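This is coords02.txt (compact mmCIF, C-alpha atoms).
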```txt
# COMPACT_ATOMS: atom_id res chain seq x y z
CA MET A 287 22.90 26.20 -78.45
CA GLN A 288 24.45 22.82 -78.06
CA ASP A 289 22.16 19.84 -78.45
CA SER A 290 21.75 18.22 -75.03
CA SER A 291 21.42 14.85 -76.62
CA ASN A 292 25.04 15.11 -77.75
CA PHE A 293 26.36 16.33 -74.35
CA THR A 294 29.13 14.14 -72.90
CA ILE A 295 30.95 14.20 -69.55
CA PRO A 296 34.67 14.67 -69.92
CA LEU A 297 36.71 11.73 -68.82
CA ALA A 298 39.65 11.84 -66.47
CA ALA A 299 43.02 10.53 -67.45
CA ASP A 300 42.27 7.12 -65.98
CA GLY A 301 39.06 6.93 -67.94
CA SER A 302 36.63 7.67 -65.04
CA SER A 303 34.15 10.45 -64.92
CA SER A 304 35.56 13.72 -63.52
CA MET A 305 32.22 14.40 -61.78
CA LEU A 306 32.37 11.08 -59.95
CA CYS A 307 35.90 11.87 -58.82
CA TYR A 308 34.76 15.22 -57.50
CA ARG A 309 31.92 13.65 -55.49
CA GLU A 310 34.18 11.02 -53.98
CA ALA A 311 36.69 13.66 -52.93
CA LEU A 312 33.95 15.75 -51.34
CA MET A 313 32.57 12.80 -49.34
CA THR A 314 36.07 11.90 -48.14
CA ARG A 315 36.68 15.43 -46.86
CA MET A 316 33.32 15.48 -45.02
CA LEU A 317 33.98 12.11 -43.39
CA LEU A 318 37.43 13.26 -42.27
CA LYS A 319 35.95 16.40 -40.67
CA PHE A 320 33.33 14.31 -38.80
CA VAL A 321 36.00 11.97 -37.40
CA ILE A 322 38.16 14.88 -36.23
CA ILE A 323 35.24 16.70 -34.55
CA THR A 324 34.06 13.51 -32.83
CA PHE A 325 37.53 12.82 -31.48
CA VAL A 326 37.96 16.36 -30.17
CA VAL A 327 34.54 16.49 -28.48
CA GLY A 328 35.03 13.07 -26.90
CA ALA A 329 38.33 14.15 -25.43
CA LEU A 330 36.88 17.23 -23.73
CA PRO A 331 35.91 16.83 -20.02
CA LEU A 332 32.17 17.16 -19.25
CA PRO A 333 30.88 19.46 -16.50
CA ALA A 334 30.18 17.74 -13.18
CA ASP A 335 26.44 18.21 -13.59
CA ALA A 336 26.32 17.00 -17.19
CA GLN A 337 23.90 14.17 -18.01
CA ILE A 338 24.55 11.51 -20.59
CA THR A 339 21.48 10.22 -22.37
CA ILE A 340 21.62 7.29 -24.76
CA ASN A 341 18.66 6.39 -26.98
CA GLY A 342 16.26 8.17 -24.65
CA ALA A 343 17.26 6.02 -21.65
CA PRO A 344 17.45 7.61 -18.18
CA PRO A 345 20.69 9.50 -17.63
CA ARG A 346 23.44 7.49 -16.02
CA ARG A 347 25.67 8.85 -13.31
CA ARG A 348 29.22 9.61 -14.34
CA PRO A 349 31.87 7.51 -12.60
CA ASP A 350 33.30 10.58 -10.90
CA GLU A 351 29.88 11.86 -9.75
CA PRO A 352 29.06 11.22 -6.05
CA PRO A 353 25.97 9.01 -5.36
CA LYS A 354 22.74 10.81 -4.58
CA PRO A 355 20.76 10.39 -1.31
CA LYS A 356 18.35 7.47 -1.11
CA ARG A 357 14.61 7.43 -0.58
CA ILE A 358 12.69 4.60 1.10
CA HIS A 359 8.90 4.57 0.81
CA GLY A 360 5.93 2.22 0.57
CA VAL A 361 2.65 1.21 2.21
CA VAL A 362 1.74 -0.59 5.44
CA GLN A 363 -1.34 -2.84 5.31
CA ASP A 364 -3.07 -5.57 7.28
CA LEU A 365 -3.34 -9.10 5.89
CA ARG A 366 -6.57 -8.21 4.10
CA GLY A 367 -4.85 -5.42 2.18
CA SER A 368 -6.46 -2.58 4.12
CA PRO A 369 -4.17 0.42 4.76
CA LEU A 370 -3.01 0.97 8.33
CA ALA A 371 -3.09 4.66 9.17
CA GLY A 372 -0.90 5.62 12.10
CA ALA A 373 1.53 2.71 11.77
CA ARG A 374 5.14 3.56 12.58
CA VAL A 375 8.01 2.74 10.25
CA PHE A 376 11.54 2.53 11.66
CA VAL A 377 14.59 3.12 9.43
CA ARG A 378 17.78 2.20 11.22
CA ASP A 379 21.18 3.47 10.07
CA MET A 380 23.38 0.40 10.59
CA LYS A 381 26.56 2.49 10.43
CA LYS A 382 25.70 5.10 13.07
CA ASN A 383 23.15 2.91 14.90
CA THR A 384 20.56 5.68 14.75
CA THR A 385 16.89 5.33 13.80
CA ARG A 386 14.48 7.58 11.96
CA THR A 387 10.77 7.05 12.59
CA VAL A 388 7.86 8.10 10.41
CA THR A 389 4.10 7.54 10.70
CA THR A 390 1.85 6.35 7.87
CA ASP A 391 -0.90 8.60 6.55
CA VAL A 392 -4.58 7.74 6.12
CA GLN A 393 -3.69 5.66 3.04
CA GLY A 394 -1.04 3.71 4.92
CA LEU A 395 1.76 5.43 2.98
CA TYR A 396 5.15 6.49 4.34
CA SER A 397 8.30 8.07 2.91
CA VAL A 398 11.82 8.68 4.23
CA THR A 399 14.09 10.87 2.10
CA GLY A 400 17.62 12.28 2.19
CA LEU A 401 19.24 9.06 3.37
CA PRO A 402 23.04 8.84 2.91
CA PRO A 403 23.73 6.28 0.16
CA ASP A 404 26.85 4.70 1.69
CA VAL A 405 24.97 3.03 4.56
CA ASP A 406 23.05 -0.21 5.14
CA TYR A 407 19.49 0.39 6.38
CA GLN A 408 17.26 -1.95 8.37
CA VAL A 409 13.54 -1.16 8.04
CA HIS A 410 10.44 -2.51 9.79
CA ALA A 411 6.89 -1.40 10.67
CA GLU A 412 4.87 -1.57 13.89
CA TYR A 413 1.18 -1.15 14.64
CA LYS A 414 -0.61 -1.67 17.96
CA GLY A 415 2.20 -3.76 19.35
CA GLN A 416 2.59 -5.94 16.26
CA ALA A 417 5.90 -5.76 14.38
CA SER A 418 6.66 -6.74 10.79
CA GLU A 419 9.70 -8.61 9.55
CA LYS A 420 12.88 -6.55 9.21
CA LYS A 421 14.03 -5.72 5.68
CA LEU A 422 17.49 -4.59 4.57
CA ILE A 423 18.50 -1.93 2.06
CA SER A 424 22.13 -2.73 1.26
CA VAL A 425 24.81 -0.16 0.53
CA PHE A 426 25.52 -2.15 -2.62
CA LEU A 427 22.00 -1.41 -3.86
CA THR A 428 22.79 1.75 -5.80
CA ARG A 429 19.30 2.83 -6.83
CA GLU A 430 18.05 6.05 -5.30
CA ASP A 431 14.35 5.08 -5.07
CA ASN A 432 13.57 2.06 -2.88
CA VAL A 433 10.07 0.66 -2.25
CA LEU A 434 9.40 -1.47 0.85
CA ASN A 435 5.84 -2.57 1.63
CA PHE A 436 4.76 -4.24 4.87
CA GLN A 437 1.81 -6.37 5.99
CA LEU A 438 0.99 -6.73 9.67
CA ASP A 439 -1.04 -9.46 11.33
CA VAL A 440 -3.12 -6.97 13.30
CA ALA A 441 -6.42 -8.86 13.22
CA VAL A 442 -5.28 -10.96 16.19
CA ILE A 443 -5.27 -7.92 18.47
CA GLU A 444 -8.67 -6.57 17.53
CA SER A 445 -11.38 -6.82 20.14
CA ALA A 446 -14.91 -5.68 20.74
CA ALA A 447 -13.60 -2.18 21.38
CA ASP A 448 -12.08 -2.08 17.88
CA ALA A 449 -15.02 -3.65 16.04
CA PRO A 450 -17.78 -1.54 14.52
CA LYS A 451 -20.47 -0.89 17.09
CA THR A 452 -23.23 -1.89 14.71
CA GLY A 453 -21.77 -5.33 13.97
CA PRO A 454 -22.45 -7.37 10.83
CA GLN A 455 -25.69 -6.62 9.01
CA LEU A 456 -26.94 -9.57 7.00
CA GLN A 457 -29.78 -10.24 4.59
CA THR A 458 -31.61 -13.52 4.16
CA PHE A 459 -32.96 -15.11 1.00
CA ASP A 460 -36.43 -13.72 1.80
CA HIS A 461 -35.10 -10.18 2.41
CA VAL A 462 -35.09 -10.14 6.20
CA GLN A 463 -32.49 -7.76 7.62
CA LEU A 464 -30.52 -9.48 10.38
CA GLN A 465 -28.33 -7.79 12.96
CA ALA A 466 -25.40 -9.53 14.63
CA SER A 467 -22.48 -8.81 16.92
CA PHE A 468 -18.98 -10.07 16.24
CA ASP A 469 -15.97 -10.15 18.54
CA LEU A 470 -12.40 -11.36 18.08
CA PRO A 471 -10.26 -12.65 20.95
CA VAL A 472 -7.17 -10.75 22.03
CA GLY A 473 -3.88 -12.31 20.98
CA ALA A 474 -5.29 -15.42 19.30
CA PRO A 475 -3.26 -16.60 16.29
CA ALA A 476 -4.93 -17.34 12.99
CA PRO A 477 -6.84 -19.37 12.01
CA ILE A 478 -9.19 -18.45 14.84
CA PRO A 479 -12.01 -20.89 15.72
CA ALA A 480 -15.47 -19.36 15.42
CA VAL A 481 -18.71 -19.82 17.34
CA LEU A 482 -22.20 -18.77 16.25
CA LEU A 483 -24.59 -18.14 19.17
CA LEU A 484 -28.35 -18.48 18.63
CA HIS A 485 -30.77 -17.31 21.32
CA GLY A 486 -34.20 -18.65 22.24
CA PHE A 487 -37.67 -17.48 21.23
CA GLY A 488 -38.50 -14.09 22.76
CA GLU A 489 -34.84 -13.27 23.53
CA ASP A 490 -32.13 -11.38 21.66
CA ARG A 491 -28.37 -11.62 21.21
CA SER A 492 -27.62 -9.68 24.40
CA VAL A 493 -28.41 -12.79 26.49
CA TRP A 494 -25.04 -14.18 25.38
CA ASP A 495 -22.92 -11.33 26.76
CA PRO A 496 -21.72 -13.09 29.95
CA PHE A 497 -20.99 -16.40 28.20
CA LYS A 498 -19.42 -14.62 25.24
CA LYS A 499 -16.70 -13.27 27.53
CA GLN A 500 -15.76 -16.81 28.53
CA LEU A 501 -15.50 -17.85 24.89
CA LEU A 502 -13.32 -14.86 24.02
CA GLU A 503 -11.01 -15.58 26.95
CA ARG A 504 -10.52 -19.09 25.56
CA GLY A 505 -9.56 -17.83 22.11
CA TRP A 506 -12.86 -18.15 20.23
CA ALA A 507 -14.21 -15.59 17.79
CA VAL A 508 -17.89 -15.06 18.58
CA MET A 509 -20.87 -14.05 16.46
CA SER A 510 -24.17 -13.61 18.28
CA LEU A 511 -27.18 -13.22 16.01
CA ASP A 512 -30.57 -11.62 16.48
CA LEU A 513 -32.94 -14.12 14.88
CA ARG A 514 -35.70 -12.70 12.69
CA GLY A 515 -38.40 -10.86 14.59
CA HIS A 516 -36.09 -10.42 17.59
CA GLY A 517 -33.74 -7.70 18.80
CA ALA A 518 -32.65 -5.50 15.90
CA SER A 519 -33.73 -8.01 13.21
CA LYS A 520 -37.27 -6.73 12.76
CA THR A 521 -37.65 -5.75 9.12
CA ARG A 522 -38.51 -7.70 5.98
CA ASN A 523 -38.52 -5.84 2.67
CA GLN A 524 -38.08 -2.69 4.79
CA LEU A 525 -41.39 -3.39 6.55
CA PRO A 526 -41.78 -4.10 10.29
CA LEU A 527 -41.48 -7.76 11.24
CA ALA A 528 -42.65 -9.33 14.50
CA ALA A 529 -41.87 -12.86 15.66
CA ASP A 530 -44.67 -15.40 15.42
CA ALA A 531 -44.89 -18.52 17.60
CA GLN A 532 -45.82 -20.52 14.50
CA TRP A 533 -42.29 -19.96 13.22
CA ARG A 534 -41.10 -22.49 15.79
CA THR A 535 -42.19 -25.27 13.44
CA SER A 536 -41.80 -23.58 10.06
CA PRO A 537 -38.97 -24.54 7.68
CA HIS A 538 -39.43 -21.20 5.90
CA GLU A 539 -38.58 -18.76 8.70
CA PHE A 540 -35.84 -19.29 11.30
CA PRO A 541 -33.83 -21.83 9.26
CA LEU A 542 -33.30 -19.19 6.56
CA ASP A 543 -31.28 -17.13 9.05
CA LEU A 544 -28.50 -19.72 9.14
CA ASP A 545 -27.14 -19.28 5.61
CA PRO A 546 -26.11 -15.60 5.71
CA ALA A 547 -24.58 -15.94 9.18
CA LEU A 548 -22.44 -18.92 8.19
CA ASP A 549 -21.52 -17.33 4.86
CA TRP A 550 -20.32 -14.22 6.66
CA LEU A 551 -18.15 -16.22 9.04
CA LYS A 552 -16.66 -18.27 6.20
CA ALA A 553 -15.72 -15.07 4.37
CA GLN A 554 -13.59 -13.72 7.23
CA PRO A 555 -9.91 -14.34 6.39
CA ARG A 556 -8.74 -14.64 9.98
CA LEU A 557 -11.24 -17.35 10.93
CA ASP A 558 -11.22 -21.09 10.36
CA GLY A 559 -14.29 -21.14 8.14
CA ARG A 560 -14.09 -24.89 7.64
CA LYS A 561 -14.87 -25.70 11.28
CA ILE A 562 -17.59 -23.52 12.78
CA VAL A 563 -19.33 -24.29 16.07
CA ILE A 564 -22.96 -23.37 16.78
CA ILE A 565 -24.32 -23.05 20.30
CA GLY A 566 -28.03 -22.50 20.74
CA TYR A 567 -30.80 -22.34 23.29
CA ASP A 568 -34.46 -23.29 22.72
CA VAL A 569 -35.24 -22.32 19.10
CA GLY A 570 -31.54 -21.61 18.65
CA ALA A 571 -30.80 -25.15 19.85
CA ASN A 572 -33.17 -26.58 17.25
CA LEU A 573 -31.44 -24.55 14.55
CA ALA A 574 -28.02 -25.71 15.74
CA LEU A 575 -29.05 -29.36 15.39
CA ILE A 576 -30.47 -28.75 11.91
CA ALA A 577 -27.25 -26.99 10.86
CA SER A 578 -25.15 -29.89 12.12
CA GLY A 579 -26.49 -32.13 9.39
CA ARG A 580 -27.07 -29.50 6.70
CA PHE A 581 -23.83 -27.52 6.54
CA PRO A 582 -20.48 -29.31 6.11
CA GLU A 583 -18.59 -26.38 7.63
CA VAL A 584 -20.37 -26.89 10.97
CA ARG A 585 -17.94 -28.96 13.01
CA THR A 586 -20.12 -29.57 16.07
CA VAL A 587 -23.02 -28.00 17.97
CA VAL A 588 -24.24 -27.55 21.51
CA ALA A 589 -28.02 -27.55 21.92
CA VAL A 590 -29.48 -26.52 25.27
CA LYS A 591 -33.17 -27.24 25.82
CA PRO A 592 -34.05 -28.30 22.25
CA SER A 593 -37.32 -29.87 21.08
CA LEU A 594 -37.16 -32.85 18.74
CA SER A 595 -40.64 -32.32 17.29
CA GLU A 596 -39.91 -28.67 16.54
CA SER A 597 -36.49 -29.54 15.12
CA LEU A 598 -37.97 -32.10 12.74
CA ALA A 599 -40.69 -29.67 11.66
CA MET A 600 -38.20 -26.87 10.98
CA ALA A 601 -35.91 -29.26 9.12
CA GLY A 602 -38.80 -30.31 6.89
CA SER A 603 -38.47 -34.05 7.47
CA ALA A 604 -36.55 -36.65 9.43
CA GLN A 605 -34.32 -37.18 6.38
CA ASP A 606 -33.27 -33.53 6.60
CA PHE A 607 -32.47 -33.81 10.30
CA GLN A 608 -29.19 -35.70 10.61
CA PRO A 609 -26.91 -34.14 13.27
CA ARG A 610 -23.32 -35.29 12.82
CA SER A 611 -21.90 -34.10 16.14
CA ALA A 612 -23.92 -32.62 18.99
CA LEU A 613 -24.00 -32.16 22.73
CA ILE A 614 -27.57 -31.89 24.00
CA VAL A 615 -28.24 -30.44 27.42
CA ALA A 616 -31.86 -30.82 28.53
CA SER A 617 -33.68 -31.40 31.79
CA ASP A 618 -36.51 -33.39 30.19
CA SER A 619 -35.25 -36.98 30.22
CA ALA A 620 -38.03 -38.17 27.90
CA GLU A 621 -37.01 -35.57 25.31
CA VAL A 622 -33.40 -36.60 25.69
CA GLU A 623 -34.23 -40.24 24.97
CA LYS A 624 -35.99 -39.20 21.77
CA PHE A 625 -32.89 -37.37 20.59
CA LYS A 626 -30.66 -40.32 21.43
CA ALA A 627 -32.88 -42.61 19.39
CA GLN A 628 -32.87 -40.15 16.50
CA GLY A 629 -29.18 -39.23 16.44
CA GLY A 630 -27.47 -42.35 17.74
CA LYS A 631 -23.75 -42.11 18.50
CA ALA A 632 -23.47 -38.63 16.98
CA ILE A 633 -25.30 -37.19 19.99
CA GLU A 634 -24.09 -36.95 23.57
CA VAL A 635 -26.51 -35.82 26.28
CA ARG A 636 -26.51 -34.22 29.72
CA THR A 637 -29.62 -33.94 31.89
CA PRO A 638 -29.23 -31.28 34.58
CA ALA A 639 -31.96 -29.15 36.08
CA LEU A 640 -31.88 -26.05 33.92
CA PRO A 641 -32.99 -22.52 34.79
CA VAL A 642 -35.18 -20.61 32.35
CA GLY A 643 -33.44 -18.56 29.67
CA ALA A 644 -30.16 -18.74 27.78
CA ARG A 645 -28.38 -16.22 30.01
CA GLN A 646 -29.19 -18.11 33.21
CA SER A 647 -28.51 -21.55 31.70
CA PHE A 648 -25.03 -20.68 30.46
CA GLN A 649 -24.15 -18.89 33.67
CA ASP A 650 -24.54 -22.26 35.38
CA LYS A 651 -20.96 -23.39 36.06
CA GLN A 652 -21.75 -27.04 35.39
CA VAL A 653 -23.33 -26.28 32.02
CA ALA A 654 -20.43 -24.04 31.01
CA GLU A 655 -17.93 -26.72 32.02
CA TRP A 656 -19.75 -29.34 29.93
CA VAL A 657 -19.76 -27.01 26.95
CA PHE A 658 -16.03 -26.33 27.06
CA GLN A 659 -15.21 -29.98 27.64
CA TRP A 660 -17.29 -30.86 24.59
CA LEU A 661 -15.65 -28.21 22.43
CA LYS A 662 -12.23 -29.45 23.42
CA ALA A 663 -13.12 -33.05 22.58
CA ALA A 664 -15.22 -32.52 19.45
CA TYR A 665 -13.41 -29.64 17.77
```
Write-out of the structure in structure tokens:
Amino acid sequence: MQDSSNFTIPLAADGSSSMLCYREALMTRMLLKFVIITFVVGALPLPADAQITINGAPPRRRPDEPPKPKRIHGVVQDLRGSPLAGARVFVRDMKKNTTRTVTTDVQGLYSVTGLPPDVDYQVHAEYKGQASEKKLISVFLTREDNVLNFQLDVAVIESAADAPKTGPQLQTFDHVQLQASFDLPVGAPAPIPAVLLLHGFGEDRSVWDPFKKQLLERGWAVMSLDLRGHGASKTRNQLPLAADAQWRTSPHEFPLDLDPALDWLKAQPRLDGRKIVIIGYDVGANLALIASGRFPEVRTVVAVKPSLSESLAMAGSAQDFQPRSALIVASDSAEVEKFKAQGGKAIEVRTPALPVGARQSFQDKQVAEWVFQWLKAAY
């Protein structure tokens, strides 16, 4: 056996290794075959339904392949982002001047498929008489899947009939459950001015129903609140709660009802939460005057038949009772003079003979006229 340590590779004539020459020749032949195969395959026509995929990317349409039908879909919402079920979406074929209509589902979704790709499309949505802007899908937009979302300003057409029958349910700092009603005017553009109505002791929010209609007709959003111990606001910590006459002078009862009501109004996107009006009668009038100096978002107040002594007691002190803008309507001239001395130029007064009760007082044409004149001037 030959010693492997003495084994040598024969050299070619030019002095190179014959094995290296063999390997180079083999690699050259393989490369030549690869080039020929690639050229032949590239020259062959592909089937019409063939798909070309490069580096895992989505297949691209061949130049000779006809474009596929388009799909238009999306969601229809209101300005708060809530889906609008039952909205209609119109897709107009600009070439044939024909329109396809679809209706959104419970999630506000719609979809239109099988649309010819060589056409411009004009798309818009409608809901309860409100129409969105019109959007265009151009023929030059070659993608098959097209998403168009719409938002409709439908809050302006809501009314008491559309609002939840229960109305806002609020909770105070001391865990009193408050019930309110809330109504939006028909056709009023945003931002909508808001009024908070506060009834008198022994009444409930229903006393405002006749006057509330007048406010709605003039474009005001209206919240009427059952004060604690009245109407449907008769639980604290889930226990029964009855109104007490001593609350008329307590800073720890009725005044606590103001915060959640104003916070709720400020949180509504369609309202002008920076300029809220409060109109009150009796105890509600006292609360309105307190709120005028305590809450910067309260633009002005109307107080019918207030009591200065009760207002000061509920405020806690004279320093905490600083109305900035108020119309006071009271039949007691002595009481009126006290308010004028306390509030100065921030307070304007009227002294008619008033009937008993908020409902009757605000049904008085003269009182109602004064109120609306004041709102126009002070708001």
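For the pair CA of Phe468 in chain A and CA of Arg374 in chain A, the interatomic distance is 27.9 Å.
Between CA of Gly566 in chain A and CA of Phe497 in chain A the separation is 11.9 Å.
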Self-check item: Residue contacts of Pro402 in chain A (9 Å, only C-alpha atoms) excluding same-chain residues fewer than 3 positions away, as an NGL selection string
Solution: :A and (353-356 or 405)
Near Ala664 in chain A, within 9 Å and counting all atoms listed in the file, which residues show up once chain neighbours fewer than 4 positions away are dropped, as a PDB file with C-alpha atoms, keeping the file's coordinate frame?
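That gives us around27.pdb:
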```pdb
ATOM      1  CA  ARG A 585     -17.940 -28.960  13.010  1.00  0.00           C
ATOM      2  CA  THR A 586     -20.120 -29.570  16.070  1.00  0.00           C
ATOM      3  CA  SER A 611     -21.900 -34.100  16.140  1.00  0.00           C
ATOM      4  CA  ALA A 612     -23.920 -32.620  18.990  1.00  0.00           C
ATOM      5  CA  GLN A 659     -15.210 -29.980  27.640  1.00  0.00           C
ATOM      6  CA  TRP A 660     -17.290 -30.860  24.590  1.00  0.00           C
TER       7      TRP A 660
END
```
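The residue that comes closest to Leu434 in chain A, out of A:Glu419, A:Asp364, A:Asp650, A:Asp512 and on the basis of all atoms listed in the file, is A:Glu419.
Each of A:Pro477, A:Lys520, A:Pro537, A:Pro471 was compared to Lys498 in chain A using all atoms listed in the file, and A:Pro471 turns out to be the nearest.
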Exercise. Using all atoms listed in the file, determine which residues lie at most 12 Å from range 532-536 of chain A, disregarding the query and same-chain residues fewer than 4 positions distant; provide the list as a list in words.
Key: Gly486, Phe487, Gly488, Leu513, Arg514, Gly515, Ala528, Phe540, Pro541, Leu542, Asp568, Val569, Gly570, Ala571, Asn572, Leu573, Pro592, Ser593, Leu594, Ser595, Glu596, Ser597, Leu598, Ala599, Met600, Ala601, Gly602 and Ser603 of chain A
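Interatomic distance, CA of Asp490 in chain A against CA of Ile565 in chain A: 14.1 Å.
Omitting Ser510 in chain A and its sequence neighbours fewer than 4 positions away, and counting all atoms listed in the file, the residues within 6 Å are A:Ala466, A:Ser467, A:Leu482, A:Leu483, A:Arg491.
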How would the residues just picked look written out with C-alpha atoms as a PDB file, in the coordinates of the input?
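Final output, part_19.pdb:
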```pdb
ATOM      1  CA  ALA A 466     -25.400  -9.530  14.630  1.00  0.00           C
ATOM      2  CA  SER A 467     -22.480  -8.810  16.920  1.00  0.00           C
ATOM      3  CA  LEU A 482     -22.200 -18.770  16.250  1.00  0.00           C
ATOM      4  CA  LEU A 483     -24.590 -18.140  19.170  1.00  0.00           C
ATOM      5  CA  ARG A 491     -28.370 -11.620  21.210  1.00  0.00           C
TER       6      ARG A 491
END
```
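Ranking A:Gln500, A:Ser578, A:Gln524, A:Thr637 by their shortest atom-to-atom distance to Gln649 in chain A, with all atoms listed in the file included, puts A:Gln500 first.
Among A:Phe426, A:Phe436, A:Phe625, A:Phe459, the residue with the shortest atom-to-atom distance to Tyr413 in chain A, counting all atoms listed in the file, is A:Phe436.
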Practice problem: Kindly extract all protein, DNA and RNA residues lying within 10 Å of the coordinates (-37.2, -36.8, 35.9) given in the file, considering all atoms listed in the file, and supply them as a PyMOL selection string. | Solution: chain A and resi 617-620+637-639
Exercise. Considering all atoms listed in the file, state which residue in the set A:Asp469, A:Glu623, A:Asp406, A:Asp558 is at the smallest distance from Met509 in chain A.
Key: A:Asp469
Quiz prompt | Exercise: range 389-393 of chain A partners within 7 Å, only C-alpha atoms, chain neighbours under 2 positions left out, as a ChimeraX atom specification | solution = /A:369,371-375,387,395-396
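Of the residues under consideration (A:Val398, A:Ala654, A:Ala529, A:Ala574), A:Ala654 shows the shortest atom-to-atom contact distance to Pro496 in chain A when counting all atoms listed in the file.
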